[in-house]
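Undergrad: Got a structure here, written out as structure tokens. Questions coming.
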Amino acid sequence: MPHLSNAVLWSIPAFVLLTVVEMASYRFHPDDDAEGYTAKDAATSVTMGLGSLVFDLVWKIPIVAIYAAIYELTPLRVPVLWWTLPLMLLAQDFFYYWSHRGHHVIRILWACHVVHHSSRNFNFTTALRQPWTTWTVWPFYVPMIALGVHPAAVAFCSSVNLVYQFWIHTERIGTLPRPIEFVFNTPSHHRVHHASQGGYLDRNFGGILIVWDRLFGSFVPEIERPVYGLTKNIDTYNPLRVATHEYAAIARDIAAARGWRERAGRVFRGPGWQPGPVPEGGSATETGPATETGPATEPGSPPEAGPREPVGESVR
């Protein structure tokens, strides 16, 4: 097994340099329509990024053990060669799409991923705003391990995917040539993903490629200027609250639930899910969408005007 380093660690100097350049661009060429930088928000994003490096080491211990066990049990082996590595990157990007999509439509997974969407700014420091509870991600890559891809190769591909996504967190780049916009995830596509408008919610999940969204009906082009953040913002720069606020909301909802069916819904249904009223002498009925806090729009349709508020505790 060839040594494959962590692409994120090698890219930190580039992250710092690009962030400084972007900050300077707002200083010398301000854009009244762009969110730009605010000191507290940027500091929180950087803190979340540094914290994620520490917590990822903790979560890595059991995850590596599980991956190693699966790898030893499968008779399949995929060697790391010049022609297999691009295929591994393609496979990892495919499973990343489903992981990312799952982390938007299942509330307990959203509790992890909501951290990345909690900033009302959209700049290179937003890319660093990473969760501290990434233990929810590993099951999505089990098929790669079972097919004989070495866990170290999966980790390397994941780090390449994460590095790629750094540069798409910016408002300083408009739209790129159409062939690039058609195939790859770009700043324009990712601005949509971070927006809180109704028609932009739960769209454009791709990591490196946007073709998965086009294939599976989750693509929406950037039409109107995005409004960043959550449908109900948390108004805090405390890193611990940023990391855990949705878990706390789930705990409150479970404590107030009227039965086990509602408790399960509060955990495993969508972030905007609400139980229906309890009929006299009966159990709660289910109402509301499973994945969004309002009617879903058809893929490719224009976004609705204005952000939507959530129905209950959960924020999108």
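Identifiers in the structure tokens: chain A, B, ... in order shown; residue index from 1 per chain; ligand index from 1 in order shown.
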Applying 8 Å and only C-alpha atoms, which residues near segment 114-130 of chain A remain after dropping the ones on its own chain fewer than 5 positions away? List them as JSON, numbers by chain.
TA: {"A": [15, 18, 19, 22, 35, 36, 37, 38, 41, 42, 44, 45, 46, 47, 48, 49, 52, 165, 166, 167, 169, 170, 171, 191, 194, 227, 228, 229, 230, 233, 234, 242, 243, 246, 316]}
Undergrad: Selected residues, C-alpha atoms, written as a CSV table (one decimal), in the first residue's frame, please.
TA:
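Saved the output as out-v4.csv:
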```
chain,number,residue,atom,x,y,z
A,15,PHE,CA,-5.8,28.0,2.7
A,18,LEU,CA,-6.1,32.5,-0.3
A,19,THR,CA,-8.0,33.7,2.8
A,22,GLU,CA,-9.8,37.3,-0.3
A,35,GLU,CA,-21.5,39.5,2.7
A,36,GLY,CA,-17.7,39.7,3.0
A,37,TYR,CA,-16.0,39.2,6.3
A,38,THR,CA,-16.9,40.0,9.9
A,41,ASP,CA,-17.8,35.1,12.3
A,42,ALA,CA,-14.4,34.5,10.8
A,44,THR,CA,-15.7,31.3,14.9
A,45,SER,CA,-15.2,29.5,11.6
A,46,VAL,CA,-11.4,29.2,12.1
A,47,THR,CA,-12.0,27.9,15.7
A,48,MET,CA,-14.4,25.3,14.4
A,49,GLY,CA,-11.9,24.2,11.8
A,52,SER,CA,-12.5,19.6,14.0
A,165,GLN,CA,-14.3,22.3,-1.8
A,166,PHE,CA,-12.3,25.1,-0.2
A,167,TRP,CA,-12.1,27.3,-3.2
A,169,HIS,CA,-16.7,29.0,-0.8
A,170,THR,CA,-16.4,32.5,-2.2
A,171,GLU,CA,-18.6,35.3,-3.6
A,191,ARG,CA,-23.6,29.5,-3.1
A,194,HIS,CA,-25.5,27.5,1.4
A,227,VAL,CA,-29.2,34.7,1.6
A,228,TYR,CA,-26.8,32.6,3.7
A,229,GLY,CA,-27.2,30.9,7.0
A,230,LEU,CA,-30.1,28.9,8.5
A,233,ASN,CA,-30.2,31.6,12.7
A,234,ILE,CA,-28.7,30.7,16.1
A,242,VAL,CA,-22.3,26.2,17.3
A,243,ALA,CA,-21.1,22.5,17.5
A,246,GLU,CA,-29.0,21.0,17.1
A,316,ARG,CA,-32.3,24.6,8.4
```
Undergrad: How would you write, as a ChimeraX atom specification, the set of residues in segment 22-196 of chain A that DSSP gives as helix (DSSP H, G or I)?
TA: /A:22-28,39-73,84-105,107-117,124-128,134-136,138-146,151-166,178-183,187-193
Undergrad: Would you list the contacts of His3 of chain A as a PyMOL selection string, taking every protein, DNA or RNA residue within 12 Å and counting only C-alpha atoms, but skipping same-chain residues closer than 2 positions in sequence?
TA: chain A and resi 1+5-6+80-81+150-153+155-156
Undergrad: Once you have the residues from the selection above, write them out as a compact mmCIF listing (two decimals), in the first residue's frame, restricted to C-alpha atoms.
TA:
```
# COMPACT_ATOMS: atom_id res chain seq x y z
CA MET A 1 0.00 0.00 0.00
CA SER A 5 -0.73 11.72 2.92
CA ASN A 6 -3.57 13.90 4.18
CA VAL A 80 -3.51 1.92 -5.71
CA LEU A 81 -2.20 2.56 -9.22
CA HIS A 150 -7.84 0.29 1.37
CA PRO A 151 -9.06 2.55 4.22
CA ALA A 152 -6.02 4.79 3.74
CA ALA A 153 -6.99 5.30 0.09
CA ALA A 155 -9.13 8.73 3.66
CA PHE A 156 -6.85 10.22 1.01
```
Undergrad: In Å, with one decimal, what is the gap from atom CA of Ile210 of chain A to atom CA of Tyr97 of chain A?
TA: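 Pair atom CA of Ile210 of chain A / atom CA of Tyr97 of chain A returns 9.2 Å.
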Undergrad: Closest to Ser196 of chain A among A:Arg172, A:His103, A:Arg214, A:Lys232, using only C-alpha atoms?
TA: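 Nearest to Ser196 of chain A: A:Lys232.
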Undergrad: Taking only C-alpha atoms into account, name the residue in A:Arg107, A:Leu4, A:Trp135, A:Phe55 that is nearest to Gln274 of chain A.
TA: A:Arg107
Undergrad: With DSSP run on the backbone, what are the strand (DSSP E) residues within segment 67-314 of chain A? I'd like them as a list of chain:residue names.
TA: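 Put together, the selection reads A:Gln274, A:Pro275, A:Glu286, A:Thr287.
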Undergrad: Identify which of the residues A:Pro139, A:Gly148, A:Asp56, A:Ser25 lies closest to Thr84 of chain A, counting only C-alpha atoms when measuring atom-to-atom distances.
TA: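 Closest candidate: A:Gly148.
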Undergrad: For Phe268 of chain A, which of A:Leu85, A:Ala91, A:Ile66, A:Ile254 is the closest residue, counting only C-alpha atoms?
TA: A:Ile254
Undergrad: Compile the contact shell of Glu222 of chain A as a PyMOL selection string: residues with an atom at most 9 Å away, counting only C-alpha atoms, same-chain residues fewer than 3 positions apart removed.
TA: chain A and resi 188-192+200+225-226+302-303
Undergrad: Given only C-alpha atoms as the basis, pick out the residue of A:Asn185, A:Ile173, A:Ile250, A:Glu262 nearest to Leu109 of chain A.
TA: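 Of A:Asn185, A:Ile173, A:Ile250, A:Glu262, the one nearest Leu109 of chain A is A:Ile250, counting only C-alpha atoms.
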Undergrad: Tell me which of A:Ala43, A:Ile145, A:Leu9, A:Ile208 sits closest to Val64 of chain A, counting only C-alpha atoms.
TA: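 Checking each candidate against Val64 of chain A, we get A:Ile145 as the closest.
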Undergrad: So how many Å separate atom CA of Tyr26 of chain A and atom CA of Gly174 of chain A, to one decimal?
TA: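 A separation of 15.0 Å between them.
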Undergrad: For atom CA of Pro239 of chain A and atom CA of Leu50 of chain A, quote the distance in Å rounded to one decimal.
TA: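 Atom CA of Pro239 of chain A sits 10.8 Å away from atom CA of Leu50 of chain A.
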